[in-house]
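Some notes on the structure that comes next.
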Amino acid sequence: MNLIKKLSIAILVAVIPAITFAQKCKFDEDKKDPFTGSNMRVVAHKIGPPSWNWNFSLEQNGGKFFISMRMLRAGKMEDIYPTGRKIMLKLENGKILELTADKDFPPGYAVNSVDGTIWTNYIPKFEVDKAFITDLSSSAITDVKVTLGSQDIIVPKVGGKQTDRIMESAACLLK
């Protein structure tokens with residue numbers, strides 16, 4: 001009986017950390033393409049003030065990595081998000097990462113059914129290399145700078161749980 005107890009405890013000690021670690025990697029979408037067999041994993045996280053409702057998404061699709069950012073602004077903006085425009089990310093370690101649009105991204109629109117407010121949203125998507133994802137997994141984002149229309153915006157309230165989750169998700173994509 002004593003041997004069974006010791007063996008049970010040893011199994012629990014070995015299995016519980018593995019289960020806990022495995023649960024950290026959660027994706028909004030995690031599926032395999034039935035035609036190509038390639039994996040697609042996507043996870044989106046809020047970034048900036050909650051009232052802004054901006055998202056920072058990480059994606060792995062068939063061995064390639066992508067970052068996209070959903071940016072909302074009240075009012076109808078006609079400007080496209082043009083080829084060559086950058087989003088800059090400053091990391092806690094001082095490194096600055098740049099996401100550069102390789103094509104034009106037109107705005108999308110939504111109307112609030114309660115008050116009729118028109119919302120403009122931009123969702124540029126950027127292909128990045130594994131080193132970019134590695135950088136995101138090893139140091140937290142502290143600042144984000146974007147340009148929408150002619151306005152430069154430094155996103156406030158970036159950090160804490162938001163960027164911890166982005167770091168964890170980046171690490172998960174590398175597995």
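As shown in the structure tokens, the chain order sets the letters A, B, ...; within each chain, residues go from 1, and ligands are also counted from 1 in the order they appear.
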Selection near Arg165 in chain A, 12 Å with only C-alpha atoms, sequence-local residues under 5 positions removed, as a PDB file with N, CA and C atoms, in the first residue's frame:
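Output file around16.pdb is given in full below:
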```pdb
ATOM      1  N   LYS A  24      -1.575  26.784 -20.742  1.00  0.00           N
ATOM      2  CA  LYS A  24      -1.220  28.173 -20.987  1.00  0.00           C
ATOM      3  C   LYS A  24      -1.389  28.557 -22.449  1.00  0.00           C
ATOM      4  N   CYS A  25      -1.203  27.637 -23.368  1.00  0.00           N
ATOM      5  CA  CYS A  25      -1.288  27.933 -24.792  1.00  0.00           C
ATOM      6  C   CYS A  25      -2.734  27.808 -25.264  1.00  0.00           C
ATOM      7  N   LYS A  26      -3.416  28.934 -25.262  1.00  0.00           N
ATOM      8  CA  LYS A  26      -4.805  28.957 -25.720  1.00  0.00           C
ATOM      9  C   LYS A  26      -4.890  29.851 -26.945  1.00  0.00           C
ATOM     10  N   PHE A  27      -5.577  29.371 -27.959  1.00  0.00           N
ATOM     11  CA  PHE A  27      -5.736  30.116 -29.197  1.00  0.00           C
ATOM     12  C   PHE A  27      -7.223  30.319 -29.471  1.00  0.00           C
ATOM     13  N   VAL A  43      -4.555  34.077 -32.208  1.00  0.00           N
ATOM     14  CA  VAL A  43      -4.982  34.566 -30.905  1.00  0.00           C
ATOM     15  C   VAL A  43      -4.982  36.091 -30.942  1.00  0.00           C
ATOM     16  N   ALA A  44      -6.044  36.690 -30.406  1.00  0.00           N
ATOM     17  CA  ALA A  44      -6.165  38.156 -30.366  1.00  0.00           C
ATOM     18  C   ALA A  44      -6.196  38.619 -28.918  1.00  0.00           C
ATOM     19  N   HIS A  45      -5.530  39.732 -28.666  1.00  0.00           N
ATOM     20  CA  HIS A  45      -5.488  40.325 -27.331  1.00  0.00           C
ATOM     21  C   HIS A  45      -5.831  41.807 -27.416  1.00  0.00           C
ATOM     22  N   LYS A  46      -6.511  42.294 -26.405  1.00  0.00           N
ATOM     23  CA  LYS A  46      -6.767  43.735 -26.295  1.00  0.00           C
ATOM     24  C   LYS A  46      -5.438  44.447 -26.076  1.00  0.00           C
ATOM     25  N   ILE A  47      -5.336  45.657 -26.630  1.00  0.00           N
ATOM     26  CA  ILE A  47      -4.152  46.468 -26.391  1.00  0.00           C
ATOM     27  C   ILE A  47      -4.579  47.921 -26.250  1.00  0.00           C
ATOM     28  N   PHE A  56      -4.620  43.268 -30.808  1.00  0.00           N
ATOM     29  CA  PHE A  56      -3.315  42.881 -31.347  1.00  0.00           C
ATOM     30  C   PHE A  56      -3.385  41.375 -31.541  1.00  0.00           C
ATOM     31  N   SER A  57      -3.257  40.910 -32.781  1.00  0.00           N
ATOM     32  CA  SER A  57      -3.417  39.483 -33.071  1.00  0.00           C
ATOM     33  C   SER A  57      -2.126  38.872 -33.579  1.00  0.00           C
ATOM     34  N   LEU A  58      -1.891  37.643 -33.141  1.00  0.00           N
ATOM     35  CA  LEU A  58      -0.755  36.866 -33.607  1.00  0.00           C
ATOM     36  C   LEU A  58      -1.304  35.641 -34.331  1.00  0.00           C
ATOM     37  N   LEU A 136       9.035  39.258 -29.463  1.00  0.00           N
ATOM     38  CA  LEU A 136       7.785  39.504 -28.727  1.00  0.00           C
ATOM     39  C   LEU A 136       7.630  38.551 -27.547  1.00  0.00           C
ATOM     40  N   SER A 137       8.192  37.352 -27.667  1.00  0.00           N
ATOM     41  CA  SER A 137       8.054  36.362 -26.588  1.00  0.00           C
ATOM     42  C   SER A 137       9.018  36.623 -25.437  1.00  0.00           C
ATOM     43  N   SER A 138      10.054  37.430 -25.682  1.00  0.00           N
ATOM     44  CA  SER A 138      11.083  37.587 -24.657  1.00  0.00           C
ATOM     45  C   SER A 138      11.086  38.945 -23.961  1.00  0.00           C
ATOM     46  N   SER A 139      10.324  39.912 -24.478  1.00  0.00           N
ATOM     47  CA  SER A 139      10.285  41.232 -23.851  1.00  0.00           C
ATOM     48  C   SER A 139       8.914  41.863 -24.083  1.00  0.00           C
ATOM     49  N   ALA A 140       8.351  42.445 -23.040  1.00  0.00           N
ATOM     50  CA  ALA A 140       7.001  43.014 -23.100  1.00  0.00           C
ATOM     51  C   ALA A 140       6.962  44.295 -23.940  1.00  0.00           C
ATOM     52  N   ILE A 141       5.852  44.511 -24.610  1.00  0.00           N
ATOM     53  CA  ILE A 141       5.620  45.760 -25.331  1.00  0.00           C
ATOM     54  C   ILE A 141       5.327  46.842 -24.293  1.00  0.00           C
ATOM     55  N   VAL A 158      -0.500  50.846 -22.363  1.00  0.00           N
ATOM     56  CA  VAL A 158      -0.014  49.574 -22.889  1.00  0.00           C
ATOM     57  C   VAL A 158       0.857  48.949 -21.811  1.00  0.00           C
ATOM     58  N   GLY A 159       0.615  47.697 -21.508  1.00  0.00           N
ATOM     59  CA  GLY A 159       1.447  47.013 -20.516  1.00  0.00           C
ATOM     60  C   GLY A 159       0.631  46.115 -19.632  1.00  0.00           C
ATOM     61  N   GLY A 160       1.271  45.627 -18.587  1.00  0.00           N
ATOM     62  CA  GLY A 160       0.594  44.770 -17.614  1.00  0.00           C
ATOM     63  C   GLY A 160       0.143  43.456 -18.214  1.00  0.00           C
ATOM     64  N   ALA A 170       3.035  34.634 -28.041  1.00  0.00           N
ATOM     65  CA  ALA A 170       4.171  34.576 -28.976  1.00  0.00           C
ATOM     66  C   ALA A 170       5.021  33.340 -28.683  1.00  0.00           C
ATOM     67  N   ALA A 171       5.272  33.079 -27.399  1.00  0.00           N
ATOM     68  CA  ALA A 171       6.044  31.886 -27.022  1.00  0.00           C
ATOM     69  C   ALA A 171       5.320  30.605 -27.463  1.00  0.00           C
ATOM     70  N   CYS A 172       4.004  30.599 -27.335  1.00  0.00           N
ATOM     71  CA  CYS A 172       3.217  29.427 -27.742  1.00  0.00           C
ATOM     72  C   CYS A 172       3.304  29.203 -29.253  1.00  0.00           C
TER      73      CYS A 172
END
```
- From the DSSP assignment of the backbone, select every residue of range 38-169 of chain A that is strand (DSSP E), and format the answer as a ChimeraX atom specification. /A:39-46,55-61,64-74,86-91,96-100,108-111,118-122,125-128,141-148,151-154
Given the selection you just returned, output its residues as a file containing C-alpha atoms, formatted as a short mmCIF file (atom, residue, chain, number, x, y, z; two decimals), in the first residue's frame.
```cif
data_model
loop_
_atom_site.label_atom_id
_atom_site.label_comp_id
_atom_site.auth_asym_id
_atom_site.auth_seq_id
_atom_site.Cartn_x
_atom_site.Cartn_y
_atom_site.Cartn_z
CA ASN A 39 -1.70 24.22 -38.95
CA MET A 40 -3.36 27.58 -38.41
CA ARG A 41 -3.35 29.17 -34.97
CA VAL A 42 -4.66 32.65 -34.16
CA VAL A 43 -4.98 34.57 -30.91
CA ALA A 44 -6.16 38.16 -30.37
CA HIS A 45 -5.49 40.33 -27.33
CA LYS A 46 -6.77 43.74 -26.29
CA ASN A 55 -6.80 44.27 -30.74
CA PHE A 56 -3.32 42.88 -31.35
CA SER A 57 -3.42 39.48 -33.07
CA LEU A 58 -0.76 36.87 -33.61
CA GLU A 59 -1.13 34.14 -36.22
CA GLN A 60 0.81 31.15 -37.44
CA ASN A 61 -0.32 29.68 -40.72
CA LYS A 64 4.51 31.64 -41.64
CA PHE A 65 3.88 34.21 -38.91
CA PHE A 66 1.58 37.25 -39.04
CA ILE A 67 0.67 40.16 -36.79
CA SER A 68 -2.47 42.20 -37.27
CA MET A 69 -3.86 45.10 -35.35
CA ARG A 70 -7.48 46.24 -35.26
CA MET A 71 -7.67 49.98 -34.71
CA LEU A 72 -11.01 51.76 -34.20
CA ARG A 73 -11.78 55.46 -34.44
CA ALA A 74 -15.10 57.25 -33.95
CA LYS A 86 4.49 51.55 -40.08
CA ILE A 87 3.33 50.50 -36.66
CA MET A 88 6.14 50.80 -34.14
CA LEU A 89 6.39 48.65 -31.03
CA LYS A 90 8.83 49.50 -28.26
CA LEU A 91 9.83 46.59 -26.05
CA ILE A 96 11.99 48.87 -31.37
CA LEU A 97 10.12 46.59 -33.77
CA GLU A 98 8.47 47.90 -36.93
CA LEU A 99 5.53 46.46 -38.81
CA THR A 100 5.44 47.84 -42.37
CA GLY A 108 -14.13 49.23 -42.72
CA TYR A 109 -17.18 50.81 -41.14
CA ALA A 110 -19.73 49.93 -38.48
CA VAL A 111 -22.69 51.93 -37.20
CA ILE A 118 -20.09 55.61 -37.31
CA TRP A 119 -16.91 53.73 -36.39
CA THR A 120 -13.98 53.35 -38.76
CA ASN A 121 -11.79 50.31 -38.32
CA TYR A 122 -8.47 49.42 -39.85
CA LYS A 125 -1.93 42.46 -41.43
CA PHE A 126 1.84 42.06 -41.54
CA GLU A 127 3.94 38.99 -42.31
CA VAL A 128 6.83 38.73 -39.84
CA ILE A 141 5.62 45.76 -25.33
CA THR A 142 5.76 49.09 -23.48
CA ASP A 143 4.68 51.52 -26.22
CA VAL A 144 2.85 51.42 -29.54
CA LYS A 145 2.90 54.18 -32.16
CA VAL A 146 0.57 54.20 -35.17
CA THR A 147 -0.50 56.72 -37.77
CA LEU A 148 -4.16 56.85 -38.79
CA GLN A 151 -2.62 61.69 -36.96
CA ASP A 152 0.27 60.05 -35.09
CA ILE A 153 -1.08 58.13 -32.12
CA ILE A 154 0.91 56.79 -29.19
#
```
- Give me every helix (DSSP H, G or I) residue in range 126-172 of chain A, going by DSSP on the backbone, as a list of chain:residue names. A:Lys130, A:Ala131, A:Phe132, A:Ile133, A:Thr134, A:Asp135, A:Leu136, A:Ser137, A:Ser138, A:Lys161, A:Gln162, A:Thr163, A:Asp164, A:Arg165, A:Ile166, A:Met167, A:Glu168, A:Ser169, A:Ala170, A:Ala171, A:Cys172
- Note on the structure: Using only C-alpha atoms, the residue out of A:Gly149, A:Gly63, A:Phe105, A:Trp52 with shortest distance to Ser38 in chain A is A:Gly63
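Residues within 7 Å of Pro106 in chain A, counting only C-alpha atoms and excluding same-chain residues fewer than 2 positions away, are Ile80, Tyr81, Asp104 and Gly108 of chain A.
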File of the preceding selection, N, CA and C atoms, as a short mmCIF file (atom, residue, chain, number, x, y, z; two decimals), in the first residue's frame:
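Once everything was written out, this is selection.cif:
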```cif
data_model
loop_
_atom_site.label_atom_id
_atom_site.label_comp_id
_atom_site.auth_asym_id
_atom_site.auth_seq_id
_atom_site.Cartn_x
_atom_site.Cartn_y
_atom_site.Cartn_z
N ILE A 80 -7.08 55.43 -46.55
CA ILE A 80 -6.66 54.03 -46.52
C ILE A 80 -5.45 53.92 -45.60
N TYR A 81 -5.14 52.73 -45.17
CA TYR A 81 -3.89 52.49 -44.45
C TYR A 81 -2.92 52.08 -45.54
N ASP A 104 -2.01 48.30 -49.51
CA ASP A 104 -3.00 49.22 -48.96
C ASP A 104 -4.10 48.43 -48.25
N GLY A 108 -12.81 49.85 -42.82
CA GLY A 108 -14.13 49.23 -42.72
C GLY A 108 -14.98 50.12 -41.83
#
```
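Shortest atom-to-atom contact with Pro82 in chain A among A:Gln162, A:Thr36, A:Asn53, A:Ser150: A:Ser150, counting only C-alpha atoms.
Between CA of Pro124 in chain A and CA of Gly84 in chain A there is a distance of 11.3 Å.
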- Note on the structure: Using only C-alpha atoms, the shortest atom-to-atom distance to Ser169 in chain A among A:Thr134, A:Asp79, A:Pro50, A:Gly116 belongs to A:Thr134
